[in-house]
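Written out below as structure tokens is the structure these notes cover.
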Amino acid sequence: MDNRIQEILDILQEECAEVIQNISKCRRFGLDNEYLKGSGTQREQLAKEIGDVLAMIELLKEHGVVTQTELDLAKRNKFVKLHQWSNIYD
């Protein structure tokens, strides 16, 4: 595996962990709570962390690791599963 791709994957993994951590804080403190003064609300932090993940996904596309077509198909499949197995759309 190319060193650049390895680095992108490493950073993506770290960013995903930061999203997970922020989701915990959103659930614990509330979306509109400002956990650390001056850092913005948990909602704003969540948007930042998700943006970081999206940036790394863009780099994976640029380096030919995944395609937009593959991602769109995976996303459509996930929506189908959510309709079937979750309460989100009730």
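We label chains A, B, ... in the order they appear in the structure tokens, count residues from 1 in each chain, and number ligands from 1 in the order shown.
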
Original post:
Leaving out Ile5 of chain A and any residue of its chain fewer than 3 positions from it, which residues lie within 9 Å of it when counting only C-alpha atoms, given as a PyMOL selection string?
Top reply: chain A and resi 1-2+8-10+59-60+63+65

Go ahead and dump the residues you just picked, N, CA, C and O atoms, as a short mmCIF file (atom, residue, chain, number, x, y, z; two decimals), in the first residue's frame.
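Wrote it out as result.cif, contents follow:
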data_model
loop_
_atom_site.label_atom_id
_atom_site.label_comp_id
_atom_site.auth_asym_id
_atom_site.auth_seq_id
_atom_site.Cartn_x
_atom_site.Cartn_y
_atom_site.Cartn_z
N MET A 1 0.85 -1.18 0.00
CA MET A 1 0.00 0.00 0.00
C MET A 1 0.89 1.24 0.00
O MET A 1 1.85 1.33 0.75
N ASP A 2 0.55 2.17 -0.84
CA ASP A 2 1.24 3.45 -0.96
C ASP A 2 1.25 4.18 0.38
O ASP A 2 0.26 4.16 1.11
N ILE A 8 -3.54 8.62 4.71
CA ILE A 8 -4.93 9.06 4.61
C ILE A 8 -5.82 8.16 5.46
O ILE A 8 -6.68 8.63 6.21
N LEU A 9 -5.61 6.84 5.36
CA LEU A 9 -6.40 5.90 6.15
C LEU A 9 -6.17 6.08 7.65
O LEU A 9 -7.13 6.02 8.44
N ASP A 10 -4.92 6.32 8.04
CA ASP A 10 -4.62 6.55 9.46
C ASP A 10 -5.34 7.79 9.98
O ASP A 10 -5.94 7.77 11.06
N LEU A 59 -10.13 12.73 -0.12
CA LEU A 59 -8.76 12.33 -0.46
C LEU A 59 -8.71 10.88 -0.91
O LEU A 59 -7.95 10.54 -1.84
N LEU A 60 -9.49 10.01 -0.30
CA LEU A 60 -9.54 8.61 -0.74
C LEU A 60 -10.05 8.52 -2.18
O LEU A 60 -9.54 7.73 -2.97
N HIS A 63 -7.34 9.69 -4.62
CA HIS A 63 -6.26 8.70 -4.76
C HIS A 63 -6.74 7.36 -5.31
O HIS A 63 -5.99 6.39 -5.34
N VAL A 65 -8.93 5.18 -4.20
CA VAL A 65 -9.21 4.10 -3.26
C VAL A 65 -10.70 3.72 -3.32
O VAL A 65 -11.05 2.54 -3.29
#

For segment 50-74 of chain A versus segment 17-37 of chain A, which residues have an atom no more than 12 Å away, and what is each residue's nearest atom pair and distance in Å rounded to one decimal, using only C-alpha atoms, chain-then-number order, as JSON lines?
{"residue": "A:Ile50", "atom": "CA", "partner": "A:Val19", "partner_atom": "CA", "distance": 6.4}
{"residue": "A:Gly51", "atom": "CA", "partner": "A:Val19", "partner_atom": "CA", "distance": 9.7}
{"residue": "A:Asp52", "atom": "CA", "partner": "A:Val19", "partner_atom": "CA", "distance": 9.1}
{"residue": "A:Val53", "atom": "CA", "partner": "A:Val19", "partner_atom": "CA", "distance": 8.2}
{"residue": "A:Leu54", "atom": "CA", "partner": "A:Val19", "partner_atom": "CA", "distance": 11.3}

Go ahead and write the residues just picked, all heavy atoms, as a PDB file, in the first residue's frame.
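Contents of out_33.pdb, as written:
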ATOM      1  N   ILE A  50     -17.335  15.863  11.544  1.00  0.00           N
ATOM      2  CA  ILE A  50     -17.858  15.187  10.355  1.00  0.00           C
ATOM      3  C   ILE A  50     -17.223  15.779   9.098  1.00  0.00           C
ATOM      4  O   ILE A  50     -16.886  15.050   8.157  1.00  0.00           O
ATOM      5  CB  ILE A  50     -19.396  15.267  10.313  1.00  0.00           C
ATOM      6  CG1 ILE A  50     -19.994  14.415  11.438  1.00  0.00           C
ATOM      7  CG2 ILE A  50     -19.932  14.811   8.955  1.00  0.00           C
ATOM      8  CD1 ILE A  50     -21.493  14.574  11.612  1.00  0.00           C
ATOM      9  N   GLY A  51     -17.030  17.087   9.085  1.00  0.00           N
ATOM     10  CA  GLY A  51     -16.339  17.732   7.966  1.00  0.00           C
ATOM     11  C   GLY A  51     -14.931  17.193   7.771  1.00  0.00           C
ATOM     12  O   GLY A  51     -14.484  16.985   6.632  1.00  0.00           O
ATOM     13  N   ASP A  52     -14.238  16.952   8.876  1.00  0.00           N
ATOM     14  CA  ASP A  52     -12.892  16.373   8.795  1.00  0.00           C
ATOM     15  C   ASP A  52     -12.937  14.982   8.161  1.00  0.00           C
ATOM     16  O   ASP A  52     -12.088  14.631   7.334  1.00  0.00           O
ATOM     17  CB  ASP A  52     -12.251  16.291  10.182  1.00  0.00           C
ATOM     18  CG  ASP A  52     -11.894  17.655  10.761  1.00  0.00           C
ATOM     19  OD1 ASP A  52     -11.930  18.665  10.034  1.00  0.00           O
ATOM     20  OD2 ASP A  52     -11.579  17.702  11.974  1.00  0.00           O
ATOM     21  N   VAL A  53     -13.939  14.182   8.531  1.00  0.00           N
ATOM     22  CA  VAL A  53     -14.098  12.844   7.941  1.00  0.00           C
ATOM     23  C   VAL A  53     -14.378  12.970   6.442  1.00  0.00           C
ATOM     24  O   VAL A  53     -13.779  12.262   5.620  1.00  0.00           O
ATOM     25  CB  VAL A  53     -15.212  12.046   8.649  1.00  0.00           C
ATOM     26  CG1 VAL A  53     -15.578  10.793   7.875  1.00  0.00           C
ATOM     27  CG2 VAL A  53     -14.789  11.686  10.065  1.00  0.00           C
ATOM     28  N   LEU A  54     -15.271  13.878   6.077  1.00  0.00           N
ATOM     29  CA  LEU A  54     -15.604  14.063   4.667  1.00  0.00           C
ATOM     30  C   LEU A  54     -14.378  14.496   3.857  1.00  0.00           C
ATOM     31  O   LEU A  54     -14.209  14.059   2.706  1.00  0.00           O
ATOM     32  CB  LEU A  54     -16.736  15.079   4.518  1.00  0.00           C
ATOM     33  CG  LEU A  54     -18.098  14.622   5.037  1.00  0.00           C
ATOM     34  CD1 LEU A  54     -19.103  15.781   4.989  1.00  0.00           C
ATOM     35  CD2 LEU A  54     -18.609  13.431   4.250  1.00  0.00           C
TER      36      LEU A  54
END

Original post:
Where in chain A does DSSP assign alpha helix (DSSP H), given as a ChimeraX atom specification?
Top reply: /A:3-29,42-62,68-85

Original post:
atom CA of Met56 of chain A and atom CA of Leu12 of chain A, how far apart in Å?
Top reply: 5.7 Å

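Going from atom CA of Val80 of chain A to atom CA of Ile57 of chain A covers 22.0 Å.
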
**OP:** Would you work out the distance separating atom CA of His83 of chain A from atom CA of Glu58 of chain A, expressed in Å to one decimal?
**Re:** 27.0 Å
